[in-house]
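run.txt (compact mmCIF, C-alpha atoms) appears below.
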```
# COMPACT_ATOMS: atom_id res chain seq x y z
CA MET B 1 16.16 51.31 31.39
CA ARG B 2 15.20 54.97 31.47
CA ASP B 3 18.50 55.86 29.79
CA ILE B 4 18.14 53.20 27.09
CA MET B 5 14.62 54.46 26.34
CA ILE B 6 15.90 58.03 26.02
CA LYS B 7 18.55 56.73 23.64
CA GLU B 8 15.90 54.92 21.59
CA MET B 9 13.64 57.95 21.42
CA LYS B 10 16.25 60.62 20.72
CA LEU B 11 19.06 58.84 18.88
CA SER B 12 17.79 55.61 17.33
CA ALA B 13 14.27 56.56 16.25
CA SER B 14 13.44 57.92 12.83
CA VAL B 15 11.22 61.00 12.78
CA LEU B 16 8.85 58.98 10.56
CA ALA B 17 8.07 56.68 13.48
CA TYR B 18 6.59 59.68 15.28
CA LEU B 19 4.93 61.26 12.25
CA PHE B 20 3.26 58.01 11.20
CA ILE B 21 1.46 57.78 14.55
CA ALA B 22 -1.01 60.20 12.95
CA PHE B 23 -2.15 57.41 10.62
CA GLY B 24 -4.15 56.15 13.58
CA LEU B 25 -6.63 58.87 12.62
CA MET B 26 -7.42 56.89 9.47
CA PHE B 27 -10.09 55.26 11.65
CA PHE B 28 -12.13 58.39 10.85
CA LEU B 29 -12.08 57.72 7.09
CA PRO B 30 -15.29 56.31 5.57
CA GLY B 31 -15.01 54.23 2.41
CA TYR B 32 -11.44 53.21 3.23
CA PRO B 33 -10.06 50.06 4.92
CA VAL B 34 -9.34 51.60 8.32
CA LEU B 35 -6.93 48.84 9.36
CA CYS B 36 -4.47 50.09 6.74
CA GLY B 37 -3.73 52.81 9.29
CA VAL B 38 -2.14 50.09 11.45
CA PHE B 39 0.17 49.13 8.59
CA PHE B 40 1.33 52.70 8.06
CA VAL B 41 2.21 53.02 11.75
CA THR B 42 4.32 49.87 11.48
CA LEU B 43 5.88 51.22 8.28
CA GLY B 44 7.17 54.16 10.31
CA LEU B 45 8.63 51.73 12.83
CA PHE B 46 10.29 49.80 10.00
CA GLN B 47 11.90 53.03 8.81
CA SER B 48 13.17 53.58 12.35
CA PHE B 49 14.77 50.13 12.47
CA GLN B 50 16.30 50.72 9.04
CA ALA B 51 17.79 54.08 10.03
CA ALA B 52 19.15 52.58 13.26
CA ARG B 53 20.75 49.72 11.36
CA GLU B 54 22.51 52.05 8.93
CA ALA B 55 23.87 53.99 11.92
CA ASN B 56 25.19 50.77 13.55
CA ASP B 57 22.87 51.41 16.47
CA ILE B 58 22.88 47.78 17.63
CA VAL B 59 26.67 47.64 17.83
CA PHE B 60 26.70 50.96 19.69
CA SER B 61 24.05 49.73 22.11
CA VAL B 62 25.92 46.50 22.84
CA LEU B 63 29.04 48.51 23.71
CA LEU B 64 27.11 50.35 26.42
CA PRO B 65 27.41 49.05 30.00
CA ILE B 66 24.08 47.20 29.80
CA ALA B 67 23.03 43.60 29.27
CA LYS B 68 22.18 42.44 25.75
CA LYS B 69 18.62 41.70 26.86
CA ASP B 70 18.28 45.38 27.83
CA VAL B 71 19.04 46.32 24.21
CA VAL B 72 16.16 44.09 23.11
CA ARG B 73 13.90 45.43 25.86
CA GLY B 74 14.60 49.00 24.81
CA LYS B 75 13.57 48.28 21.22
CA TYR B 76 10.39 46.53 22.29
CA LEU B 77 9.44 49.28 24.72
CA PHE B 78 9.93 51.90 22.01
CA VAL B 79 7.85 49.90 19.53
CA CYS B 80 5.08 49.40 22.10
CA MET B 81 5.16 53.11 22.95
CA ILE B 82 4.61 54.10 19.32
CA GLU B 83 1.88 51.48 18.91
CA GLY B 84 0.25 52.64 22.13
CA CYS B 85 0.14 56.25 20.94
CA ALA B 86 -1.44 55.17 17.65
CA LEU B 87 -3.96 53.00 19.49
CA ILE B 88 -4.99 56.00 21.61
CA LEU B 89 -5.79 57.94 18.42
CA MET B 90 -7.66 54.95 17.02
CA ALA B 91 -9.61 54.58 20.26
CA ALA B 92 -10.53 58.28 20.19
CA ALA B 93 -11.81 57.88 16.62
CA VAL B 94 -13.77 54.76 17.58
CA ILE B 95 -15.40 56.47 20.57
CA LEU B 96 -16.47 59.45 18.45
CA ARG B 97 -17.78 57.20 15.68
CA MET B 98 -19.71 55.10 18.20
CA THR B 99 -21.30 58.12 19.89
CA VAL B 100 -21.45 61.54 18.22
CA LEU B 101 -21.02 60.22 14.66
CA SER B 102 -22.89 56.92 14.99
CA ASP B 103 -25.70 58.04 12.68
CA ALA B 104 -23.58 60.02 10.21
CA SER B 105 -24.54 59.14 6.63
CA PRO B 106 -20.95 58.61 5.31
CA TYR B 107 -20.42 55.93 7.95
CA ARG B 108 -23.86 54.33 7.72
CA ASN B 109 -23.50 53.96 3.94
CA ASN B 110 -19.95 52.61 4.16
CA ALA B 111 -19.54 49.13 2.65
CA LEU B 112 -16.22 48.60 4.38
CA MET B 113 -15.41 47.82 8.02
CA ASN B 114 -16.92 50.16 10.57
CA ALA B 115 -14.53 51.64 13.14
CA ASN B 116 -15.90 50.02 16.28
CA LEU B 117 -14.44 48.05 19.19
CA PHE B 118 -14.10 44.97 16.97
CA ALA B 119 -11.90 46.99 14.58
CA LEU B 120 -9.85 48.23 17.53
CA GLY B 121 -9.33 44.65 18.68
CA ALA B 122 -8.22 43.78 15.14
CA ALA B 123 -5.71 46.66 15.28
CA PHE B 124 -4.29 45.22 18.51
CA LEU B 125 -3.87 41.85 16.80
CA ILE B 126 -2.07 43.28 13.75
CA PHE B 127 0.30 45.23 15.97
CA GLY B 128 0.96 41.99 17.85
CA LEU B 129 1.74 40.25 14.56
CA PHE B 130 4.21 43.02 13.71
CA ASN B 131 5.98 42.52 17.03
CA LEU B 132 6.07 38.76 16.57
CA ILE B 133 7.07 38.59 12.92
CA PHE B 134 9.12 41.70 12.22
CA VAL B 135 10.66 42.76 15.53
CA GLY B 136 11.26 39.17 16.58
CA GLY B 137 12.56 38.35 13.09
CA PHE B 138 14.97 41.27 13.18
CA PHE B 139 16.64 40.00 16.35
CA LYS B 140 17.41 36.65 14.74
CA THR B 141 20.25 38.43 12.95
CA ALA B 142 20.12 42.00 14.39
CA TYR B 143 20.74 43.16 10.82
CA ARG B 144 18.34 41.75 8.22
CA LEU B 145 15.09 43.67 7.84
CA GLY B 146 13.67 42.83 4.43
CA ARG B 147 12.56 39.23 4.82
CA PRO B 148 10.70 39.60 8.15
CA PHE B 149 9.01 42.79 6.94
CA VAL B 150 7.84 41.19 3.69
CA ILE B 151 6.45 38.23 5.63
CA TYR B 152 4.70 40.66 7.97
CA ILE B 153 3.21 42.60 5.03
CA ILE B 154 1.77 39.42 3.51
CA ILE B 155 0.25 38.25 6.80
CA ALA B 156 -0.95 41.72 7.84
CA PHE B 157 -2.79 42.43 4.60
CA SER B 158 -4.21 38.91 4.61
CA ALA B 159 -5.60 39.70 8.06
CA VAL B 160 -6.98 43.04 6.84
CA PHE B 161 -8.72 41.24 3.96
CA VAL B 162 -10.26 38.69 6.34
CA PHE B 163 -11.45 41.35 8.79
CA GLU B 164 -12.93 43.44 5.98
CA ALA B 165 -14.75 40.41 4.57
CA LEU B 166 -16.16 39.06 7.84
CA HIS B 167 -19.25 41.25 8.04
CA HIS B 168 -20.24 40.24 4.50
CA ILE B 169 -20.49 36.59 5.56
CA PRO B 170 -24.05 35.60 6.52
CA GLY B 171 -24.44 35.53 10.30
CA LEU B 172 -21.35 37.64 11.00
CA GLY B 173 -22.80 41.06 10.26
CA ARG B 174 -22.80 41.87 13.99
CA VAL B 175 -19.04 42.45 13.97
CA ASN B 176 -19.72 45.60 11.92
CA ALA B 177 -22.06 47.04 14.54
CA PHE B 178 -22.71 50.78 14.84
CA GLY B 179 -22.73 52.66 18.11
CA SER B 180 -23.49 50.47 21.12
CA ASP B 181 -25.19 47.73 19.07
CA HIS B 182 -23.99 44.25 20.11
CA ILE B 183 -21.74 45.91 22.70
CA GLY B 184 -21.03 42.59 24.42
CA LEU B 185 -19.57 41.10 21.25
CA GLN B 186 -17.61 44.28 20.62
CA LEU B 187 -16.10 44.26 24.11
CA VAL B 188 -15.15 40.58 23.88
CA SER B 189 -13.50 41.25 20.51
CA LEU B 190 -11.54 44.17 21.91
CA LEU B 191 -10.36 42.28 24.99
CA THR B 192 -9.42 39.27 22.89
CA GLY B 193 -7.37 41.43 20.52
CA ALA B 194 -5.64 43.18 23.43
CA ALA B 195 -4.85 39.85 25.12
CA LEU B 196 -3.41 38.46 21.87
CA TYR B 197 -1.30 41.60 21.48
CA VAL B 198 0.21 41.13 24.94
CA LEU B 199 0.74 37.40 24.39
CA LEU B 200 2.36 37.75 20.96
CA THR B 201 4.56 40.62 22.13
CA LEU B 202 5.78 38.76 25.22
CA LEU B 203 6.45 35.58 23.24
CA SER B 204 8.36 37.57 20.65
CA TYR B 205 10.33 39.46 23.29
CA HIS B 206 11.47 36.36 25.15
CA LYS B 207 12.44 34.62 21.90
CA ALA B 208 14.29 37.75 20.73
CA CYS B 209 16.30 37.88 23.96
CA ILE B 210 17.44 34.29 23.41
CA ASP B 211 18.25 34.85 19.72
CA PHE B 212 20.11 38.09 20.35
CA GLU B 213 22.14 36.55 23.18
CA ASN B 214 23.41 33.91 20.74
CA ILE B 215 24.49 36.42 18.07
CA ASP B 216 28.21 37.16 17.88
CA LEU B 217 28.38 40.82 16.91
```

What would you get if you wrote out this structure as structure tokens?
Amino acid sequence: MRDIMIKEMKLSASVLAYLFIAFGLMFFLPGYPVLCGVFFVTLGLFQSFQAAREANDIVFSVLLPIAKKDVVRGKYLFVCMIEGCALILMAAAVILRMTVLSDASPYRNNALMNANLFALGAAFLIFGLFNLIFVGGFFKTAYRLGRPFVIYIIIAFSAVFVFEALHHIPGLGRVNAFGSDHIGLQLVSLLTGAALYVLLTLLSYHKACIDFENIDL
């Protein structure tokens, strides 16, 4: 598995997948829907899958002396690695905004979602949706990218809209807490998002292994 990961990182990956990790820092931006940073990270991953497809990476990988499920595992591990790096940047931004910058005027006067633990949990969920819809959808054919990515875009931006609107609904303003306000709710939201990410990714991975095994390349 170490060798397949090296292959994914050095041969299959597009440089955009690495560069777009920096969009995790969009969690610092006031007056901007911070969860769009999650989409841009996944856009870099899409570009990586597209570049790999044009280079016949899947066919090359299958010809290696490894099981077909290891090809799927390598892709998922690479995707999770990129998402994990972006989540680290997002978490760093959230920690700074909840502590040092908690009373900064640009954030206090921001009508959009605040970058707190709830937002970080939402980022986990959207990444999980990408793994379920796009990565899992790709392995149904190991070739077609457009349809699963369009479906993911629609669902992801629908989720962003819902998350951005939640704190404007009477009684739900606590999800947009600043600093350590309502920390219990924030922690539950974060843990729920992380658990859903793991669940969606594992479900997608196991389904992708079955689908890919049945494809005659």

Handout entry: Sel. within 10 Å of pt (4.5, 52.1, 7.1), counting all atoms listed in the file, output as a list in words
Key = Leu16, Ala17, Phe20, Ile21, Phe23, Cys36, Gly37, Val38, Phe39, Phe40, Val41, Thr42, Leu43, Gly44, Leu45, Phe46, Gln47 and Ile153 of chain B

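Take the candidates B:Ala92, B:Ala119, B:Cys80, B:Leu25 and check each one against Leu187 in chain B using only C-alpha atoms; the shortest distance goes to B:Ala119.
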
Problem - Residue contacts of range 168-181 of chain B (8 Å, only C-alpha atoms) excluding same-chain residues fewer than 6 positions away, as a list in words - result: Arg97, Met98, Thr99, Ser102, Met113, Asn114, Asn116 and Phe118 of chain B

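For the pair CA of Leu203 in chain B and CA of Val71 in chain B, the interatomic distance is 16.6 Å.
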
Problem - Within 9 Å of Ala122 in chain B using all atoms listed in the file, minus same-chain residues under 2 positions, as a PyMOL selection string - result: chain B and resi 35+117-120+124-127+159-160+163+189-190+193-194

Would you output that residue set with C-alpha atoms, as a tab-separated table (two decimals), keeping the file's coordinate frame?
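Result file is part.tsv:
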```
chain	number	residue	atom	x	y	z
B	35	LEU	CA	-6.93	48.84	9.36
B	117	LEU	CA	-14.44	48.05	19.19
B	118	PHE	CA	-14.10	44.97	16.97
B	119	ALA	CA	-11.90	46.99	14.58
B	120	LEU	CA	-9.85	48.23	17.53
B	124	PHE	CA	-4.29	45.22	18.51
B	125	LEU	CA	-3.87	41.85	16.80
B	126	ILE	CA	-2.07	43.28	13.75
B	127	PHE	CA	0.30	45.23	15.97
B	159	ALA	CA	-5.60	39.70	8.06
B	160	VAL	CA	-6.98	43.04	6.84
B	163	PHE	CA	-11.45	41.35	8.79
B	189	SER	CA	-13.50	41.25	20.51
B	190	LEU	CA	-11.54	44.17	21.91
B	193	GLY	CA	-7.37	41.43	20.52
B	194	ALA	CA	-5.64	43.18	23.43
```

Practice task
For CA of Ser14 in chain B and CA of Phe49 in chain B, determine how far apart the two atoms are, in Å to one decimal place.
Solution key: 7.9 Å

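Of note, CA of Leu29 in chain B and CA of Leu112 in chain B are spaced 10.4 Å apart.
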
Exercise for the section: Step by step: start from the point (13.1, 33.4, 16.0) in the file's coordinates, keep every protein, DNA or RNA residue that has an atom no farther than 9 Å from it, count all atoms listed in the file, and write the set as a PyMOL selection string. Expected result: chain B and resi 132-133+136-140+204+207-208+210-211

Selection to disk with C-alpha atoms, as a PDB file, in the frame of the given file:
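Generated output (result_25.pdb):
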```pdb
ATOM      1  CA  LEU B 132       6.070  38.760  16.570  1.00  0.00           C
ATOM      2  CA  ILE B 133       7.070  38.590  12.920  1.00  0.00           C
ATOM      3  CA  GLY B 136      11.260  39.170  16.580  1.00  0.00           C
ATOM      4  CA  GLY B 137      12.560  38.350  13.090  1.00  0.00           C
ATOM      5  CA  PHE B 138      14.970  41.270  13.180  1.00  0.00           C
ATOM      6  CA  PHE B 139      16.640  40.000  16.350  1.00  0.00           C
ATOM      7  CA  LYS B 140      17.410  36.650  14.740  1.00  0.00           C
ATOM      8  CA  SER B 204       8.360  37.570  20.650  1.00  0.00           C
ATOM      9  CA  LYS B 207      12.440  34.620  21.900  1.00  0.00           C
ATOM     10  CA  ALA B 208      14.290  37.750  20.730  1.00  0.00           C
ATOM     11  CA  ILE B 210      17.440  34.290  23.410  1.00  0.00           C
ATOM     12  CA  ASP B 211      18.250  34.850  19.720  1.00  0.00           C
TER      13      ASP B 211
END
```

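Comparing B:Met5, B:Ile82, B:Leu96, B:Ala91 by their smallest distance to Ala123 in chain B, the closest is B:Ala91 (using only C-alpha atoms).
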
Problem - Residues near Pro106 in chain B, cut-off 8 Å, only C-alpha atoms, skip fewer than 4 positions along chain, as number ranges by chain - result: B: 30-31, 110

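Closest approach to Leu129 in chain B from the set B:Tyr107, B:Tyr32, B:Phe161, B:Tyr152 is made by B:Tyr152, with distances taken over only C-alpha atoms.
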
Final N, CA and C atoms of range 16-38 of chain B as a PDB file, keeping the file's coordinate frame:
```pdb
ATOM      1  N   LEU B  16      10.051  59.560  11.177  1.00  0.00           N
ATOM      2  CA  LEU B  16       8.850  58.980  10.560  1.00  0.00           C
ATOM      3  C   LEU B  16       8.075  58.112  11.545  1.00  0.00           C
ATOM      4  N   ALA B  17       8.769  57.493  12.494  1.00  0.00           N
ATOM      5  CA  ALA B  17       8.070  56.680  13.480  1.00  0.00           C
ATOM      6  C   ALA B  17       7.094  57.527  14.285  1.00  0.00           C
ATOM      7  N   TYR B  18       7.471  58.767  14.541  1.00  0.00           N
ATOM      8  CA  TYR B  18       6.590  59.680  15.280  1.00  0.00           C
ATOM      9  C   TYR B  18       5.506  60.266  14.372  1.00  0.00           C
ATOM     10  N   LEU B  19       5.901  60.661  13.172  1.00  0.00           N
ATOM     11  CA  LEU B  19       4.930  61.260  12.250  1.00  0.00           C
ATOM     12  C   LEU B  19       3.834  60.271  11.847  1.00  0.00           C
ATOM     13  N   PHE B  20       4.227  59.002  11.681  1.00  0.00           N
ATOM     14  CA  PHE B  20       3.260  58.010  11.200  1.00  0.00           C
ATOM     15  C   PHE B  20       2.274  57.571  12.279  1.00  0.00           C
ATOM     16  N   ILE B  21       2.479  58.021  13.508  1.00  0.00           N
ATOM     17  CA  ILE B  21       1.460  57.780  14.550  1.00  0.00           C
ATOM     18  C   ILE B  21       0.131  58.378  14.106  1.00  0.00           C
ATOM     19  N   ALA B  22       0.204  59.494  13.379  1.00  0.00           N
ATOM     20  CA  ALA B  22      -1.010  60.200  12.950  1.00  0.00           C
ATOM     21  C   ALA B  22      -1.891  59.338  12.050  1.00  0.00           C
ATOM     22  N   PHE B  23      -1.330  58.286  11.455  1.00  0.00           N
ATOM     23  CA  PHE B  23      -2.150  57.410  10.620  1.00  0.00           C
ATOM     24  C   PHE B  23      -3.199  56.660  11.434  1.00  0.00           C
ATOM     25  N   GLY B  24      -3.083  56.710  12.752  1.00  0.00           N
ATOM     26  CA  GLY B  24      -4.150  56.150  13.580  1.00  0.00           C
ATOM     27  C   GLY B  24      -5.472  56.857  13.359  1.00  0.00           C
ATOM     28  N   LEU B  25      -5.403  58.106  12.894  1.00  0.00           N
ATOM     29  CA  LEU B  25      -6.630  58.870  12.620  1.00  0.00           C
ATOM     30  C   LEU B  25      -7.340  58.399  11.359  1.00  0.00           C
ATOM     31  N   MET B  26      -6.730  57.462  10.633  1.00  0.00           N
ATOM     32  CA  MET B  26      -7.420  56.890   9.470  1.00  0.00           C
ATOM     33  C   MET B  26      -8.690  56.165   9.875  1.00  0.00           C
ATOM     34  N   PHE B  27      -8.857  55.886  11.172  1.00  0.00           N
ATOM     35  CA  PHE B  27     -10.090  55.260  11.650  1.00  0.00           C
ATOM     36  C   PHE B  27     -11.293  56.194  11.463  1.00  0.00           C
ATOM     37  N   PHE B  28     -11.041  57.457  11.144  1.00  0.00           N
ATOM     38  CA  PHE B  28     -12.130  58.390  10.850  1.00  0.00           C
ATOM     39  C   PHE B  28     -12.602  58.281   9.402  1.00  0.00           C
ATOM     40  N   LEU B  29     -11.796  57.672   8.524  1.00  0.00           N
ATOM     41  CA  LEU B  29     -12.080  57.720   7.090  1.00  0.00           C
ATOM     42  C   LEU B  29     -13.180  56.732   6.704  1.00  0.00           C
ATOM     43  N   PRO B  30     -14.285  57.218   6.104  1.00  0.00           N
ATOM     44  CA  PRO B  30     -15.290  56.310   5.570  1.00  0.00           C
ATOM     45  C   PRO B  30     -14.882  55.859   4.162  1.00  0.00           C
ATOM     46  N   GLY B  31     -15.319  54.698   3.756  1.00  0.00           N
ATOM     47  CA  GLY B  31     -15.010  54.230   2.410  1.00  0.00           C
ATOM     48  C   GLY B  31     -13.555  53.870   2.216  1.00  0.00           C
ATOM     49  N   TYR B  32     -12.864  53.553   3.306  1.00  0.00           N
ATOM     50  CA  TYR B  32     -11.440  53.210   3.230  1.00  0.00           C
ATOM     51  C   TYR B  32     -11.186  52.112   4.262  1.00  0.00           C
ATOM     52  N   PRO B  33     -10.359  51.111   3.929  1.00  0.00           N
ATOM     53  CA  PRO B  33     -10.060  50.060   4.920  1.00  0.00           C
ATOM     54  C   PRO B  33      -9.266  50.629   6.097  1.00  0.00           C
ATOM     55  N   VAL B  34      -9.940  50.869   7.199  1.00  0.00           N
ATOM     56  CA  VAL B  34      -9.340  51.600   8.320  1.00  0.00           C
ATOM     57  C   VAL B  34      -8.117  50.898   8.899  1.00  0.00           C
ATOM     58  N   LEU B  35      -8.058  49.563   8.783  1.00  0.00           N
ATOM     59  CA  LEU B  35      -6.930  48.840   9.360  1.00  0.00           C
ATOM     60  C   LEU B  35      -5.619  49.091   8.603  1.00  0.00           C
ATOM     61  N   CYS B  36      -5.702  49.711   7.428  1.00  0.00           N
ATOM     62  CA  CYS B  36      -4.470  50.090   6.740  1.00  0.00           C
ATOM     63  C   CYS B  36      -3.693  51.128   7.560  1.00  0.00           C
ATOM     64  N   GLY B  37      -4.409  51.861   8.415  1.00  0.00           N
ATOM     65  CA  GLY B  37      -3.730  52.810   9.290  1.00  0.00           C
ATOM     66  C   GLY B  37      -2.738  52.103  10.203  1.00  0.00           C
ATOM     67  N   VAL B  38      -3.060  50.875  10.621  1.00  0.00           N
ATOM     68  CA  VAL B  38      -2.140  50.090  11.450  1.00  0.00           C
ATOM     69  C   VAL B  38      -0.869  49.807  10.673  1.00  0.00           C
TER      70      VAL B  38
END
```
